[in-house]
Structures are given as structure tokens and as C-alpha cells.
$ cat upload.cif   # mmCIF, C-alpha atoms
data_query
#
loop_
_atom_site.group_PDB
_atom_site.id
_atom_site.type_symbol
_atom_site.label_atom_id
_atom_site.label_comp_id
_atom_site.auth_asym_id
_atom_site.auth_seq_id
_atom_site.Cartn_x
_atom_site.Cartn_y
_atom_site.Cartn_z
ATOM 1 C CA MET P 1 0.000 0.000 0.000
ATOM 2 C CA MET P 2 1.066 3.567 -0.620
ATOM 3 C CA ILE P 3 0.341 6.657 1.418
ATOM 4 C CA ARG P 4 -3.180 7.871 0.761
ATOM 5 C CA ARG P 5 -2.874 11.422 1.989
ATOM 6 C CA THR P 6 -1.080 13.976 4.083
ATOM 7 C CA GLN P 7 -3.625 16.024 5.957
ATOM 8 C CA PRO P 8 -3.642 18.920 8.420
ATOM 9 C CA THR P 9 -4.825 17.694 11.769
ATOM 10 C CA GLU P 10 -5.538 18.580 15.372
ATOM 11 C CA ALA P 11 -2.083 19.312 16.628
ATOM 12 C CA ARG P 12 -2.180 18.093 20.227
ATOM 13 C CA ASP P 13 -2.742 14.387 19.575
ATOM 14 C CA VAL P 14 -0.377 14.104 16.606
ATOM 15 C CA VAL P 15 2.381 16.179 18.235
ATOM 16 C CA ALA P 16 2.217 13.957 21.337
ATOM 17 C CA TRP P 17 2.441 10.858 19.097
ATOM 18 C CA LEU P 18 5.376 12.322 17.172
ATOM 19 C CA LYS P 19 7.195 13.261 20.407
ATOM 20 C CA SER P 20 6.827 9.731 21.733
ATOM 21 C CA ASN P 21 8.249 8.216 18.520
ATOM 22 C CA HIS P 22 10.819 10.685 17.148
ATOM 23 C CA TYR P 23 14.415 10.071 18.249
ATOM 24 C CA LEU P 24 14.671 13.563 19.824
ATOM 25 C CA ARG P 25 11.538 12.964 21.943
ATOM 26 C CA SER P 26 10.543 16.608 21.502
ATOM 27 C CA ALA P 27 8.727 19.007 19.218
ATOM 28 C CA PRO P 28 9.861 22.579 18.735
ATOM 29 C CA PRO P 29 7.558 25.325 19.977
ATOM 30 C CA GLY P 30 5.834 27.668 17.575
ATOM 31 C CA PHE P 31 4.856 25.235 14.842
ATOM 32 C CA ILE P 32 2.513 26.416 12.104
ATOM 33 C CA HIS P 33 1.192 23.220 10.535
ATOM 34 C CA VAL P 34 1.005 19.647 11.730
ATOM 35 C CA LEU P 35 0.454 17.111 8.977
ATOM 36 C CA GLU P 36 -0.642 13.555 9.597
ATOM 37 C CA ILE P 37 0.530 10.939 7.102
ATOM 38 C CA VAL P 38 -2.217 8.374 6.535
ATOM 39 C CA GLU P 39 -2.163 4.982 4.878
ATOM 40 C CA GLY P 40 -4.994 2.465 4.601
ATOM 41 C CA ARG P 41 -4.696 1.317 8.196
ATOM 42 C CA GLY P 42 -4.382 4.782 9.712
ATOM 43 C CA ARG P 43 -1.576 7.069 10.806
ATOM 44 C CA ILE P 44 1.888 6.005 9.716
ATOM 45 C CA GLY P 45 3.659 9.292 10.259
ATOM 46 C CA ALA P 46 3.595 12.987 10.971
ATOM 47 C CA MET P 47 5.400 16.181 10.003
ATOM 48 C CA ILE P 48 5.672 19.523 11.754
ATOM 49 C CA LEU P 49 6.225 22.699 9.759
ATOM 50 C CA GLY P 50 7.335 25.908 11.426
ATOM 51 C CA ARG P 51 9.027 29.231 10.953
ATOM 52 C CA PRO P 52 12.779 29.164 10.477
ATOM 53 C CA ASN P 53 15.163 31.507 12.233
ATOM 54 C CA SER P 54 15.448 33.696 9.161
ATOM 55 C CA ARG P 55 14.612 37.268 8.343
ATOM 56 C CA ASP P 56 11.966 36.397 5.764
ATOM 57 C CA SER P 57 9.880 33.861 7.634
ATOM 58 C CA SER P 58 6.789 34.900 5.672
ATOM 59 C CA ARG P 59 8.202 33.201 2.542
ATOM 60 C CA ILE P 60 10.285 30.386 4.067
ATOM 61 C CA MET P 61 9.039 27.394 6.034
ATOM 62 C CA GLU P 62 11.070 24.786 7.893
ATOM 63 C CA LEU P 63 10.281 21.103 8.245
ATOM 64 C CA THR P 64 11.134 20.867 11.938
ATOM 65 C CA ARG P 65 10.129 17.251 12.580
ATOM 66 C CA ALA P 66 9.260 14.261 10.422
ATOM 67 C CA TYR P 67 8.642 10.694 11.502
ATOM 68 C CA LEU P 68 7.261 7.618 9.767
ATOM 69 C CA ILE P 69 6.881 4.208 11.355
ATOM 70 C CA ASP P 70 9.456 1.595 10.425
ATOM 71 C CA GLU P 71 6.755 -0.599 8.876
ATOM 72 C CA ALA P 72 5.820 2.091 6.338
ATOM 73 C CA PRO P 73 6.044 0.966 2.700
ATOM 74 C CA LYS P 74 9.268 1.462 0.770
ATOM 75 C CA ASN P 75 9.875 5.081 -0.359
ATOM 76 C CA SER P 76 7.180 6.397 1.999
ATOM 77 C CA GLU P 77 9.407 9.192 3.291
ATOM 78 C CA SER P 78 10.018 10.740 -0.128
ATOM 79 C CA HIS P 79 6.349 10.236 -1.057
ATOM 80 C CA ALA P 80 5.312 11.981 2.187
ATOM 81 C CA LEU P 81 7.685 14.864 1.409
ATOM 82 C CA ALA P 82 6.101 15.245 -2.035
ATOM 83 C CA LEU P 83 2.621 15.309 -0.492
ATOM 84 C CA MET P 84 3.778 17.855 2.100
ATOM 85 C CA ARG P 85 5.109 20.080 -0.686
ATOM 86 C CA LYS P 86 1.778 19.788 -2.522
ATOM 87 C CA HIS P 87 -0.016 20.859 0.666
ATOM 88 C CA VAL P 88 2.264 23.893 0.972
ATOM 89 C CA ARG P 89 1.767 24.860 -2.692
ATOM 90 C CA THR P 90 -2.004 24.588 -2.335
ATOM 91 C CA TRP P 91 -2.654 26.102 1.097
ATOM 92 C CA LEU P 92 0.400 28.325 1.648
ATOM 93 C CA PRO P 93 1.129 29.826 -1.782
ATOM 94 C CA GLN P 94 3.223 32.630 -0.266
ATOM 95 C CA ILE P 95 5.891 30.091 0.783
ATOM 96 C CA ARG P 96 8.711 30.075 -1.760
ATOM 97 C CA LEU P 97 11.353 27.965 0.005
ATOM 98 C CA LEU P 98 11.332 24.912 2.244
ATOM 99 C CA LEU P 99 14.181 24.235 4.646
ATOM 100 C CA ALA P 100 15.121 21.057 6.517
ATOM 101 C CA TYR P 101 18.091 19.677 8.439
ATOM 102 C CA SER P 102 19.500 16.180 8.805
ATOM 103 C CA ASP P 103 21.850 15.087 11.573
ATOM 104 C CA PRO P 104 24.644 12.789 10.346
ATOM 105 C CA ALA P 105 25.761 12.271 13.963
ATOM 106 C CA VAL P 106 22.711 10.020 14.441
ATOM 107 C CA GLY P 107 22.868 8.396 11.007
ATOM 108 C CA HIS P 108 20.579 10.792 9.143
ATOM 109 C CA ALA P 109 22.510 11.685 6.002
ATOM 110 C CA GLY P 110 19.538 13.271 4.221
ATOM 111 C CA THR P 111 18.818 10.424 1.832
ATOM 112 C CA ILE P 112 15.063 11.097 1.961
ATOM 113 C CA TYR P 113 15.604 14.735 0.970
ATOM 114 C CA GLU P 114 17.931 13.784 -1.852
ATOM 115 C CA ALA P 115 15.364 11.264 -3.117
ATOM 116 C CA ASP P 116 12.725 14.023 -3.222
ATOM 117 C CA GLY P 117 14.947 16.448 -5.130
ATOM 118 C CA TRP P 118 16.090 18.702 -2.283
ATOM 119 C CA ALA P 119 19.496 20.376 -2.621
ATOM 120 C CA GLN P 120 22.083 20.181 0.116
ATOM 121 C CA PHE P 121 22.903 23.752 1.055
ATOM 122 C CA GLY P 122 25.954 23.395 3.261
ATOM 123 C CA ARG P 123 26.328 22.470 6.894
ATOM 124 C CA THR P 124 25.585 24.294 10.071
ATOM 125 C CA LYS P 125 28.586 25.466 12.062
ATOM 126 C CA HIS P 126 29.724 23.542 15.080
ATOM 127 C CA HIS P 127 29.998 25.880 18.015
ATOM 128 C CA GLY P 128 30.538 23.130 20.563
ATOM 129 C CA GLY P 129 28.683 22.852 23.814
ATOM 130 C CA TYR P 130 25.010 22.285 24.386
ATOM 131 C CA GLY P 131 21.844 23.883 23.098
ATOM 132 C CA TRP P 132 18.876 25.309 24.987
ATOM 133 C CA ARG P 133 20.991 26.054 28.067
ATOM 134 C CA SER P 134 19.239 29.389 28.598
ATOM 135 C CA ARG P 135 15.712 27.957 28.457
ATOM 136 C CA PRO P 136 13.989 26.296 31.397
ATOM 137 C CA ASN P 137 12.677 22.734 31.161
ATOM 138 C CA ARG P 138 14.831 21.844 28.143
ATOM 139 C CA ARG P 139 17.128 18.862 27.778
ATOM 140 C CA GLU P 140 20.835 19.506 27.428
ATOM 141 C CA ASP P 141 21.430 17.957 24.012
ATOM 142 C CA PRO P 142 24.857 18.252 22.420
ATOM 143 C CA VAL P 143 24.881 20.531 19.395
ATOM 144 C CA THR P 144 26.407 18.843 16.332
ATOM 145 C CA PRO P 145 26.795 20.106 12.761
ATOM 146 C CA LYS P 146 23.825 19.274 10.552
ATOM 147 C CA PHE P 147 23.276 19.153 6.800
ATOM 148 C CA ARG P 148 20.999 21.944 5.550
ATOM 149 C CA TRP P 149 18.544 21.052 2.745
ATOM 150 C CA VAL P 150 16.437 23.424 0.627
ATOM 151 C CA ARG P 151 13.725 22.991 -1.980
ATOM 152 C CA SER P 152 10.958 24.958 -3.603
ATOM 153 C CA PRO P 153 7.478 23.734 -2.723
#
$ encode --input "upload.cif" --output "C-alpha cells"
Amino acid sequence: MMIRRTQPTEARDVVAWLKSNHYLRSAPPGFIHVLEIVEGRGRIGAMILGRPNSRDSSRIMELTRAYLIDEAPKNSESHALALMRKHVRTWLPQIRLLLAYSDPAVGHAGTIYEADGWAQFGRTKHHGGYGWRSRPNRREDPVTPKFRWVRSP
């Protein structure tokens, strides 16, 4: 079976599900859209889209979290990315650029982005240390360089 649809959804339930399954066990605050990825038997994944830390956040959107179950059909990730881009083109026509990051330190080389035609746009800088130190109730995760990926919707 292939993915039937990617649909906007009630955020609370899907974000909680994504947090419990994603390797980071968190979801960034300030998301704009939560998309549920549905196959014949129900939810097989979710994506969170939010504003990037850029000056033109009205025209750029970041894929901040994506997760699909391991049992999802082959190529489901790239198919879900294509459906997400279609959703953005249809419902958010002002968005001109999509941004995503992959973390090679945990084995995420960005293969799904490459398969969907995203372009690698450099790496983030490694400043050392830990992130979120200044924010209460945040985990102290080590900050590692990530691959930056971009694509038009």
C-alpha cells in the first residue's frame, strides 16, 4: 500500500504521538502546521512545519520534525515529502522555500531529501557545547553540525 494522503490535523494528539516516537523525543515550539501521514490502516507518520530563524519567515518554512513508522512501505518518506510540498503549494502559496536539516551524527545523512529532489545547502557550524541552556525545562542535548537542505514547494 502507498500513502493515501497527508492532511492537516488537530495538533495536540499528533504532536504527542510524534514526540513519543521521534528520536529527539521533543517538538519545537511555535509550529505552524502539523500534517498527519495516513495509509490504509491509519496514521503512519507525521510532520511539523514551522518558521525558520530567518529574516523572511513569511516566505520560508522549515520542516522541523518528520517521523514515519518503520513498517511504512518502501519510499514512503520521499512520497510523504512530495505530499507535504503539494499541501504547501495549495494552502500556503506565499511560501517560496522549504528548509530542513538532517543530523549525520545520528545516522541521518539526508537520503530522503535527496530522493525528493532537495538540494544540500551546506552544513551548520559547530559551536561546541550544548543547546537550549538558557531555556527552562529543556534537555541539554549536544549541538552537532547538521546538513541543511532546501527545496521549492
$ atom_distance --input "upload.cif" --atom1 "atom CA of P:Pro153" --atom2 "atom CA of P:Arg85"
4.8 Å
$ resolve_selection --input "upload.cif" --expression "the PyMOL selection byres ((chain P and resi 65-78) around 6)" --output "PyMOL selection string"
chain P and resi 44-48+63-64+79-81+112+116
$ closest_atom_pairs --input "upload.cif" --of "stretch 95-115 of chain P" --to "stretch 21-34 of chain P" --cutoff "12 Å" --atoms "only C-alpha atoms" --output "JSON lines"
{"residue": "P:Asp103", "atom": "CA", "partner": "P:Leu24", "partner_atom": "CA", "distance": 11.0}
{"residue": "P:Val106", "atom": "CA", "partner": "P:Tyr23", "partner_atom": "CA", "distance": 9.1}
{"residue": "P:Gly107", "atom": "CA", "partner": "P:Tyr23", "partner_atom": "CA", "distance": 11.3}
{"residue": "P:His108", "atom": "CA", "partner": "P:Tyr23", "partner_atom": "CA", "distance": 11.0}
$ atom_distance --input "upload.cif" --atom1 "atom CA of P:Pro104" --atom2 "atom CA of P:Phe121"
14.5 Å
$ residues_around --input "upload.cif" --residues "P:Trp118" --least-positions-apart "4" --cutoff "9 Å" --atoms "only C-alpha atoms" --output "JSON, numbers by chain"
{"P": [112, 113, 114, 149, 150, 151, 152]}
$ atom_distance --input "upload.cif" --atom1 "atom CA of P:Val88" --atom2 "atom CA of P:Glu62"
11.2 Å
$ residues_around --input "upload.cif" --residues "P:Lys146" --least-positions-apart "6" --cutoff "9 Å" --atoms "all atoms listed in the file" --output "list in words"
Tyr101, Ser102, Asp103, Pro104, Ala105, Ala109, Gly122, Arg123, Thr124, Lys125 and His126 of chain P
$ axis_aligned_box --input "upload.cif" --around "stretch 16-27 of chain P" --padding-each-side "4 Å" --output "JSON"
{"center_x": 8.4, "center_y": 13.6, "center_z": 19.5, "size_x": 20.5, "size_y": 18.8, "size_z": 12.8}
$ resolve_selection --input "upload.cif" --expression "the PyMOL selection byres ((chain P and resi 52) around 8)" --output "ChimeraX atom specification"
/P:50-51,53-54,57,60-62,99
$ decode --input "upload.cif" --residues "stretch 9-145 of chain P" --atoms "C-alpha atoms" --output "compact mmCIF listing (two decimals), in the first residue's frame"
# COMPACT_ATOMS: atom_id res chain seq x y z
CA THR P 9 -4.83 17.69 11.77
CA GLU P 10 -5.54 18.58 15.37
CA ALA P 11 -2.08 19.31 16.63
CA ARG P 12 -2.18 18.09 20.23
CA ASP P 13 -2.74 14.39 19.58
CA VAL P 14 -0.38 14.10 16.61
CA VAL P 15 2.38 16.18 18.24
CA ALA P 16 2.22 13.96 21.34
CA TRP P 17 2.44 10.86 19.10
CA LEU P 18 5.38 12.32 17.17
CA LYS P 19 7.20 13.26 20.41
CA SER P 20 6.83 9.73 21.73
CA ASN P 21 8.25 8.22 18.52
CA HIS P 22 10.82 10.69 17.15
CA TYR P 23 14.41 10.07 18.25
CA LEU P 24 14.67 13.56 19.82
CA ARG P 25 11.54 12.96 21.94
CA SER P 26 10.54 16.61 21.50
CA ALA P 27 8.73 19.01 19.22
CA PRO P 28 9.86 22.58 18.74
CA PRO P 29 7.56 25.33 19.98
CA GLY P 30 5.83 27.67 17.57
CA PHE P 31 4.86 25.24 14.84
CA ILE P 32 2.51 26.42 12.10
CA HIS P 33 1.19 23.22 10.53
CA VAL P 34 1.01 19.65 11.73
CA LEU P 35 0.45 17.11 8.98
CA GLU P 36 -0.64 13.55 9.60
CA ILE P 37 0.53 10.94 7.10
CA VAL P 38 -2.22 8.37 6.54
CA GLU P 39 -2.16 4.98 4.88
CA GLY P 40 -4.99 2.47 4.60
CA ARG P 41 -4.70 1.32 8.20
CA GLY P 42 -4.38 4.78 9.71
CA ARG P 43 -1.58 7.07 10.81
CA ILE P 44 1.89 6.00 9.72
CA GLY P 45 3.66 9.29 10.26
CA ALA P 46 3.59 12.99 10.97
CA MET P 47 5.40 16.18 10.00
CA ILE P 48 5.67 19.52 11.75
CA LEU P 49 6.22 22.70 9.76
CA GLY P 50 7.33 25.91 11.43
CA ARG P 51 9.03 29.23 10.95
CA PRO P 52 12.78 29.16 10.48
CA ASN P 53 15.16 31.51 12.23
CA SER P 54 15.45 33.70 9.16
CA ARG P 55 14.61 37.27 8.34
CA ASP P 56 11.97 36.40 5.76
CA SER P 57 9.88 33.86 7.63
CA SER P 58 6.79 34.90 5.67
CA ARG P 59 8.20 33.20 2.54
CA ILE P 60 10.29 30.39 4.07
CA MET P 61 9.04 27.39 6.03
CA GLU P 62 11.07 24.79 7.89
CA LEU P 63 10.28 21.10 8.24
CA THR P 64 11.13 20.87 11.94
CA ARG P 65 10.13 17.25 12.58
CA ALA P 66 9.26 14.26 10.42
CA TYR P 67 8.64 10.69 11.50
CA LEU P 68 7.26 7.62 9.77
CA ILE P 69 6.88 4.21 11.35
CA ASP P 70 9.46 1.59 10.43
CA GLU P 71 6.76 -0.60 8.88
CA ALA P 72 5.82 2.09 6.34
CA PRO P 73 6.04 0.97 2.70
CA LYS P 74 9.27 1.46 0.77
CA ASN P 75 9.88 5.08 -0.36
CA SER P 76 7.18 6.40 2.00
CA GLU P 77 9.41 9.19 3.29
CA SER P 78 10.02 10.74 -0.13
CA HIS P 79 6.35 10.24 -1.06
CA ALA P 80 5.31 11.98 2.19
CA LEU P 81 7.69 14.86 1.41
CA ALA P 82 6.10 15.25 -2.04
CA LEU P 83 2.62 15.31 -0.49
CA MET P 84 3.78 17.86 2.10
CA ARG P 85 5.11 20.08 -0.69
CA LYS P 86 1.78 19.79 -2.52
CA HIS P 87 -0.02 20.86 0.67
CA VAL P 88 2.26 23.89 0.97
CA ARG P 89 1.77 24.86 -2.69
CA THR P 90 -2.00 24.59 -2.33
CA TRP P 91 -2.65 26.10 1.10
CA LEU P 92 0.40 28.32 1.65
CA PRO P 93 1.13 29.83 -1.78
CA GLN P 94 3.22 32.63 -0.27
CA ILE P 95 5.89 30.09 0.78
CA ARG P 96 8.71 30.07 -1.76
CA LEU P 97 11.35 27.97 0.00
CA LEU P 98 11.33 24.91 2.24
CA LEU P 99 14.18 24.23 4.65
CA ALA P 100 15.12 21.06 6.52
CA TYR P 101 18.09 19.68 8.44
CA SER P 102 19.50 16.18 8.81
CA ASP P 103 21.85 15.09 11.57
CA PRO P 104 24.64 12.79 10.35
CA ALA P 105 25.76 12.27 13.96
CA VAL P 106 22.71 10.02 14.44
CA GLY P 107 22.87 8.40 11.01
CA HIS P 108 20.58 10.79 9.14
CA ALA P 109 22.51 11.68 6.00
CA GLY P 110 19.54 13.27 4.22
CA THR P 111 18.82 10.42 1.83
CA ILE P 112 15.06 11.10 1.96
CA TYR P 113 15.60 14.73 0.97
CA GLU P 114 17.93 13.78 -1.85
CA ALA P 115 15.36 11.26 -3.12
CA ASP P 116 12.73 14.02 -3.22
CA GLY P 117 14.95 16.45 -5.13
CA TRP P 118 16.09 18.70 -2.28
CA ALA P 119 19.50 20.38 -2.62
CA GLN P 120 22.08 20.18 0.12
CA PHE P 121 22.90 23.75 1.06
CA GLY P 122 25.95 23.40 3.26
CA ARG P 123 26.33 22.47 6.89
CA THR P 124 25.59 24.29 10.07
CA LYS P 125 28.59 25.47 12.06
CA HIS P 126 29.72 23.54 15.08
CA HIS P 127 30.00 25.88 18.01
CA GLY P 128 30.54 23.13 20.56
CA GLY P 129 28.68 22.85 23.81
CA TYR P 130 25.01 22.29 24.39
CA GLY P 131 21.84 23.88 23.10
CA TRP P 132 18.88 25.31 24.99
CA ARG P 133 20.99 26.05 28.07
CA SER P 134 19.24 29.39 28.60
CA ARG P 135 15.71 27.96 28.46
CA PRO P 136 13.99 26.30 31.40
CA ASN P 137 12.68 22.73 31.16
CA ARG P 138 14.83 21.84 28.14
CA ARG P 139 17.13 18.86 27.78
CA GLU P 140 20.83 19.51 27.43
CA ASP P 141 21.43 17.96 24.01
CA PRO P 142 24.86 18.25 22.42
CA VAL P 143 24.88 20.53 19.40
CA THR P 144 26.41 18.84 16.33
CA PRO P 145 26.80 20.11 12.76
